[in-house]
$ cat protein-v7.csv   # CSV, C-alpha atoms
chain,number,residue,atom,x,y,z
A,1,MET,CA,105.4,126.7,72.8
A,2,THR,CA,104.0,123.6,74.5
A,3,ILE,CA,105.6,122.8,77.9
A,4,LEU,CA,105.7,119.0,78.5
A,5,ALA,CA,104.8,117.9,82.1
A,6,VAL,CA,107.6,116.2,84.0
A,7,MET,CA,106.8,112.6,84.7
A,8,ILE,CA,107.2,111.4,88.3
A,9,SER,CA,109.9,108.7,88.3
A,10,VAL,CA,109.2,105.7,90.5
A,11,VAL,CA,111.2,102.7,91.7
A,12,ILE,CA,109.2,99.9,93.2
A,13,LEU,CA,110.8,97.5,95.7
A,14,GLY,CA,109.1,94.3,96.5
A,15,ALA,CA,107.0,91.9,94.3
A,16,GLY,CA,103.9,91.1,96.3
A,17,ASN,CA,100.2,92.0,95.7
A,18,VAL,CA,100.6,95.7,96.4
A,19,ALA,CA,103.8,96.1,94.3
A,20,THR,CA,102.3,94.2,91.4
A,21,HIS,CA,99.1,96.3,91.3
A,22,PHE,CA,101.0,99.6,91.8
A,23,PHE,CA,103.2,98.7,88.8
A,24,LYS,CA,100.3,97.8,86.6
A,25,ALA,CA,98.4,101.0,87.6
A,26,LEU,CA,101.5,103.2,87.0
A,27,ARG,CA,102.1,101.6,83.6
A,28,LYS,CA,98.9,103.2,82.5
A,29,SER,CA,99.6,106.6,84.1
A,30,GLU,CA,100.4,109.7,81.9
A,31,GLU,CA,102.0,111.5,84.9
A,32,ALA,CA,104.2,108.9,86.4
A,33,SER,CA,106.5,106.1,85.3
A,34,VAL,CA,108.1,103.1,86.9
A,35,ILE,CA,111.7,103.3,85.8
A,36,GLN,CA,112.9,100.3,87.8
A,37,TRP,CA,111.6,97.3,89.8
A,38,TYR,CA,113.7,95.7,92.6
A,39,ASN,CA,113.2,92.4,94.2
A,40,ARG,CA,115.6,90.0,96.0
A,41,SER,CA,114.5,87.2,93.7
A,42,LEU,CA,114.5,88.2,90.0
A,43,ASP,CA,112.5,85.1,89.1
A,44,THR,CA,109.4,86.7,90.7
A,45,ILE,CA,109.5,89.7,88.4
A,46,LYS,CA,111.5,88.3,85.4
A,47,HIS,CA,108.4,88.2,83.2
A,48,PHE,CA,108.2,92.0,83.4
A,49,GLU,CA,111.7,92.6,82.2
A,50,ASN,CA,110.6,93.6,78.7
A,51,THR,CA,108.5,96.4,80.2
A,52,VAL,CA,110.7,97.7,83.0
A,53,ALA,CA,114.3,97.5,84.2
A,54,ILE,CA,114.6,94.9,86.9
A,55,THR,CA,117.3,94.4,89.5
A,56,ASN,CA,118.1,92.4,92.7
A,57,ASP,CA,121.0,94.7,93.6
A,58,LEU,CA,120.3,97.7,95.8
A,59,ALA,CA,123.6,99.3,94.7
A,60,GLN,CA,122.2,99.5,91.2
A,61,LEU,CA,119.1,101.4,92.1
A,62,LYS,CA,118.4,104.3,89.7
A,63,GLN,CA,117.8,107.8,90.9
A,64,ALA,CA,114.0,108.5,91.1
A,65,ASP,CA,111.5,110.9,92.6
A,66,VAL,CA,109.9,108.2,94.8
A,67,TYR,CA,110.9,104.8,96.1
A,68,ILE,CA,108.0,102.7,97.0
A,69,LEU,CA,108.8,99.9,99.6
A,70,ALA,CA,105.9,97.5,98.9
A,71,VAL,CA,107.3,94.8,101.2
A,72,SER,CA,106.2,93.0,104.3
A,73,ASP,CA,105.9,95.0,107.5
A,74,ASP,CA,108.9,93.4,109.3
A,75,VAL,CA,111.2,94.3,106.4
A,76,VAL,CA,110.4,98.0,105.9
A,77,ALA,CA,112.8,99.4,108.5
A,78,LYS,CA,115.7,97.2,107.5
A,79,LEU,CA,115.3,97.7,103.8
A,80,SER,CA,115.0,101.5,104.2
A,81,SER,CA,118.3,101.5,106.1
A,82,GLN,CA,120.0,99.5,103.4
A,83,LEU,CA,119.2,101.9,100.6
A,84,PRO,CA,122.5,103.3,99.3
A,85,PHE,CA,121.5,107.0,99.2
A,86,ASN,CA,120.2,109.9,101.4
A,87,ASP,CA,117.6,112.6,101.3
A,88,ARG,CA,115.3,111.0,98.7
A,89,LEU,CA,111.6,110.3,99.1
A,90,VAL,CA,111.1,106.8,100.4
A,91,VAL,CA,107.6,105.6,101.2
A,92,HIS,CA,106.1,102.3,102.5
A,93,THR,CA,102.6,100.9,101.8
A,94,SER,CA,101.8,99.3,105.2
A,95,GLY,CA,98.7,99.9,107.2
A,96,CYS,CA,100.5,99.3,110.5
A,97,VAL,CA,104.1,100.5,110.2
A,98,ASN,CA,104.8,104.0,111.6
A,99,VAL,CA,106.2,106.5,109.1
A,100,SER,CA,109.0,107.2,111.5
A,101,ASP,CA,110.1,103.5,111.2
A,102,LEU,CA,111.7,104.4,107.8
A,103,ASP,CA,115.3,105.4,108.1
A,104,LYS,CA,115.7,109.0,109.0
A,105,LYS,CA,118.3,109.6,106.3
A,106,HIS,CA,115.4,109.7,103.9
A,107,LYS,CA,112.5,112.0,103.2
A,108,ARG,CA,109.7,109.7,104.6
A,109,GLY,CA,106.2,109.0,103.6
A,110,VAL,CA,103.4,106.4,103.3
A,111,LEU,CA,101.1,105.4,100.4
A,112,TYR,CA,98.6,103.0,102.0
A,113,PRO,CA,96.1,101.5,99.6
A,114,LEU,CA,93.0,100.8,101.7
A,115,GLN,CA,91.7,97.8,99.6
A,116,SER,CA,92.0,94.1,99.4
A,117,LEU,CA,94.5,93.4,96.6
A,118,SER,CA,95.0,89.9,95.2
A,119,LYS,CA,97.8,89.6,92.6
A,120,ASP,CA,95.7,87.9,89.9
A,121,ALA,CA,92.4,89.9,90.5
A,122,ALA,CA,91.8,93.0,88.3
A,123,ILE,CA,91.5,96.2,90.3
A,124,ASP,CA,90.0,99.5,89.4
A,125,PHE,CA,92.1,102.1,91.3
A,126,SER,CA,89.2,104.5,91.4
A,127,ASN,CA,87.9,102.1,94.1
A,128,VAL,CA,91.2,102.1,95.9
A,129,PRO,CA,91.5,105.0,98.4
A,130,ILE,CA,95.1,105.8,99.2
A,131,CYS,CA,96.0,107.1,102.6
A,132,ILE,CA,98.9,109.5,102.5
A,133,GLU,CA,101.3,110.5,105.2
A,134,THR,CA,104.5,112.5,105.0
A,135,LEU,CA,107.0,114.0,107.5
A,136,ASP,CA,107.7,117.0,105.4
A,137,LYS,CA,105.2,119.3,103.8
A,138,LYS,CA,106.9,119.4,100.4
A,139,SER,CA,106.5,115.6,99.8
A,140,TYR,CA,102.7,115.6,100.3
A,141,PRO,CA,101.7,117.2,97.0
A,142,LEU,CA,104.1,114.9,95.1
A,143,LEU,CA,102.6,111.7,96.7
A,144,LYS,CA,99.0,113.1,96.2
A,145,LYS,CA,99.8,113.6,92.5
A,146,LEU,CA,101.3,110.1,92.2
A,147,ALA,CA,98.2,108.5,93.8
A,148,ALA,CA,95.9,110.6,91.6
A,149,SER,CA,97.9,109.5,88.5
A,150,MET,CA,96.7,105.9,89.3
A,151,GLY,CA,93.1,107.1,89.5
A,152,SER,CA,92.9,106.8,93.2
A,153,PRO,CA,91.0,109.1,95.6
A,154,THR,CA,93.3,110.2,98.4
A,155,LYS,CA,93.1,111.0,102.1
A,156,ARG,CA,95.7,112.6,104.4
A,157,VAL,CA,96.0,110.5,107.6
A,158,ASN,CA,98.6,110.2,110.4
A,159,SER,CA,100.1,107.0,111.6
A,160,PRO,CA,97.6,106.4,114.5
A,161,GLN,CA,94.7,106.9,112.2
A,162,ARG,CA,96.1,104.6,109.6
A,163,ARG,CA,96.7,101.8,112.2
A,164,VAL,CA,93.0,101.9,113.3
A,165,LEU,CA,91.9,102.0,109.6
A,166,HIS,CA,94.0,98.9,109.1
A,167,LEU,CA,92.5,97.2,112.2
A,168,ALA,CA,89.0,98.0,111.1
A,169,ALA,CA,89.8,96.7,107.6
A,170,VAL,CA,90.8,93.3,109.1
A,171,PHE,CA,87.3,93.1,110.7
A,172,VAL,CA,85.3,94.2,107.7
A,173,ASN,CA,87.4,92.3,105.1
A,174,ASN,CA,89.6,89.5,106.4
A,175,PHE,CA,87.3,88.3,109.2
A,176,THR,CA,84.2,88.7,107.0
A,177,ASN,CA,85.9,86.6,104.3
A,178,GLN,CA,86.5,83.9,106.9
A,179,LEU,CA,82.8,84.0,107.7
A,180,TYR,CA,82.1,83.6,104.0
A,181,ARG,CA,84.4,80.5,104.0
A,182,ILE,CA,82.5,79.0,107.0
A,183,GLY,CA,79.2,79.7,105.2
A,184,HIS,CA,80.6,77.9,102.1
A,185,GLU,CA,81.6,74.9,104.2
A,186,ILE,CA,78.2,74.8,106.0
A,187,THR,CA,76.3,74.8,102.7
A,188,GLU,CA,78.5,72.2,101.1
A,189,SER,CA,77.9,69.9,104.1
A,190,GLU,CA,74.3,69.3,102.9
A,191,GLY,CA,74.8,69.9,99.2
A,192,ALA,CA,73.2,73.3,99.2
A,193,GLU,CA,74.4,76.0,96.8
A,194,PHE,CA,76.6,78.8,98.3
A,195,ASP,CA,75.8,80.9,95.2
A,196,LEU,CA,72.3,81.4,96.5
A,197,LEU,CA,73.8,83.5,99.3
A,198,LYS,CA,75.7,85.9,96.9
A,199,PRO,CA,72.7,88.3,96.4
A,200,LEU,CA,72.5,88.5,100.2
A,201,ILE,CA,76.2,89.3,100.5
A,202,LEU,CA,75.8,92.1,98.0
A,203,GLU,CA,72.7,93.5,99.6
A,204,THR,CA,74.5,93.6,103.0
A,205,ALA,CA,77.4,95.5,101.5
A,206,ASN,CA,75.1,97.8,99.6
A,207,LYS,CA,72.9,98.6,102.6
A,208,ILE,CA,75.7,100.1,104.6
A,209,GLN,CA,76.4,102.6,101.8
A,210,THR,CA,73.2,104.5,102.9
A,211,MET,CA,72.8,103.5,106.5
A,212,SER,CA,74.9,102.7,109.5
A,213,PRO,CA,75.9,99.1,110.3
A,214,TYR,CA,74.1,99.5,113.6
A,215,MET,CA,70.8,100.3,111.8
A,216,ALA,CA,71.4,97.6,109.2
A,217,GLN,CA,71.6,94.7,111.6
A,218,THR,CA,69.0,92.0,111.3
A,219,GLY,CA,68.7,88.3,112.2
A,220,PRO,CA,67.8,86.0,115.1
A,221,ALA,CA,70.4,87.5,117.5
A,222,LEU,CA,68.9,90.9,117.2
A,223,ARG,CA,65.4,89.5,117.6
A,224,ASN,CA,66.5,87.3,120.5
A,225,ASP,CA,64.9,84.4,118.6
A,226,LYS,CA,66.2,81.7,121.0
A,227,LYS,CA,64.4,78.9,119.2
A,228,THR,CA,66.2,79.6,115.9
A,229,ILE,CA,69.5,80.2,117.6
A,230,ASN,CA,69.2,76.8,119.3
A,231,VAL,CA,68.4,75.1,116.0
A,232,HIS,CA,71.4,76.7,114.4
A,233,LEU,CA,73.7,75.6,117.2
A,234,LYS,CA,72.5,72.0,116.9
A,235,LEU,CA,73.2,72.1,113.2
A,236,LEU,CA,76.8,73.1,113.8
A,237,ASN,CA,79.1,70.1,114.1
A,238,ASN,CA,82.3,72.0,114.1
A,239,PRO,CA,83.1,73.2,117.7
A,240,GLN,CA,85.0,76.3,116.4
A,241,HIS,CA,82.0,77.3,114.2
A,242,LYS,CA,79.8,76.9,117.3
A,243,ASP,CA,82.0,79.1,119.3
A,244,ILE,CA,82.1,81.8,116.6
A,245,TYR,CA,78.3,81.6,116.4
A,246,ASN,CA,77.9,82.1,120.1
A,247,LEU,CA,80.5,84.9,120.3
A,248,LEU,CA,78.9,86.9,117.5
A,249,THR,CA,75.4,86.3,118.8
A,250,ASP,CA,76.4,87.6,122.2
A,251,ALA,CA,78.2,90.6,120.6
A,252,ILE,CA,75.1,91.5,118.6
A,253,GLN,CA,72.8,91.2,121.6
A,254,GLN,CA,75.1,93.2,123.8
A,255,THR,CA,75.3,96.0,121.2
A,256,HIS,CA,71.6,96.2,120.7
A,257,GLY,CA,70.6,95.5,124.3
A,258,ARG,CA,71.5,99.0,125.2
A,259,LYS,CA,70.6,102.4,123.9
A,260,LYS,CA,72.5,103.6,120.8
A,261,LEU,CA,75.3,105.9,121.9

$ encode --input "protein-v7.csv" --output "structure tokens"
Amino acid sequence: MTILAVMISVVILGAGNVATHFFKALRKSEEASVIQWYNRSLDTIKHFENTVAITNDLAQLKQADVYILAVSDDVVAKLSSQLPFNDRLVVHTSGCVNVSDLDKKHKRGVLYPLQSLSKDAAIDFSNVPICIETLDKKSYPLLKKLAASMGSPTKRVNSPQRRVLHLAAVFVNNFTNQLYRIGHEITESEGAEFDLLKPLILETANKIQTMSPYMAQTGPALRNDKKTINVHLKLLNNPQHKDIYNLLTDAIQQTHGRKKL
């Protein structure tokens, strides 16, 4: 006799980037199923109503194994306290919110996807490590299975570790992307092609797969090439860009002006 595996039932709350990508990934899963999607505004998720039950009424939430609060950080605590049930597994997806900020009437956990997620960009969840935290031991295997059902690698982390991972992610992703934008603006100012920089961007990212960022550093700041640095500063007309150039040049020189720790 064949024993059918029990699907993990999931309710998603929120309609942002993380909620949308979790929904799309779980739709493909053979081990988990989104049985309901909640958002305050039904208009945002209305185009999914033929594939999942939708609601904007917390009182109408279905019973599920896991409730995923994929909402902004400042809403997590309040929304968890408004849920009309007790002792069910409720998780948030934030990099900064402490797991204990969830209302203590619930079993509490975190599913933090450590990746840049844009709603309209396709994502391969095998490249989305999910950091898991729970306050009770029994919930961890369930969340690990849920993350694995989306194809994600998992890592067990605590709240302090997750916060510093999120902070580091801001530096390597958000701040770096702003530097890309500045580079795009600089090239456009003289009609140069930003696309010519894309192989360099990829090489920089690939290089740190096999060596430390410390060892991968190159450029005029590292060489203390004052002539080139001065030429660059004269080319920069935007005072903010000039400040950023000076700040990062100083940071590189201070880092490499002393022995590696």

$ closest_atom_pairs --input "protein-v7.csv" --of "stretch 134-211 of chain A" --to "stretch 93-105 of chain A" --cutoff "6 Å" --atoms "only C-alpha atoms" --output "Markdown table"
| residue | atom | partner | partner_atom | distance |
| --- | --- | --- | --- | --- |
| A:Ser159 | CA | A:Asn98 | CA | 5.6 |
| A:Arg162 | CA | A:Gly95 | CA | 5.9 |
| A:Arg163 | CA | A:Cys96 | CA | 4.9 |
| A:His166 | CA | A:Gly95 | CA | 5.2 |

$ write_last_selection --input "protein-v7.csv" --atoms "C-alpha atoms" --output "CSV table (one decimal), in the frame of the given file"
chain,number,residue,atom,x,y,z
A,159,SER,CA,100.1,107.0,111.6
A,162,ARG,CA,96.1,104.6,109.6
A,163,ARG,CA,96.7,101.8,112.2
A,166,HIS,CA,94.0,98.9,109.1

$ closest_residue --input "protein-v7.csv" --among "A:Lys24, A:Lys107, A:Lys78, A:Lys62" --to "A:Ala122" --atoms "all atoms listed in the file"
A:Lys24

$ atom_distance --input "protein-v7.csv" --atom1 "atom CA of A:Val164" --atom2 "atom CA of A:Pro113"
14.1 Å

$ residues_around --input "protein-v7.csv" --residues "A:Asn17" --least-positions-apart "4" --cutoff "12 Å" --atoms "all atoms listed in the file" --output "PyMOL selection string"
chain A and resi 13+21-24+44+70-72+93+113+115-123

$ closest_residue --input "protein-v7.csv" --among "A:Ile45, A:Cys131, A:Ile35, A:Val110" --to "A:Gly16" --atoms "all atoms listed in the file"
A:Ile45

$ atom_distance --input "protein-v7.csv" --atom1 "atom CA of A:Leu236" --atom2 "atom CA of A:His184"
13.2 Å

$ atom_distance --input "protein-v7.csv" --atom1 "atom CA of A:Val91" --atom2 "atom CA of A:Ile12"
10.0 Å
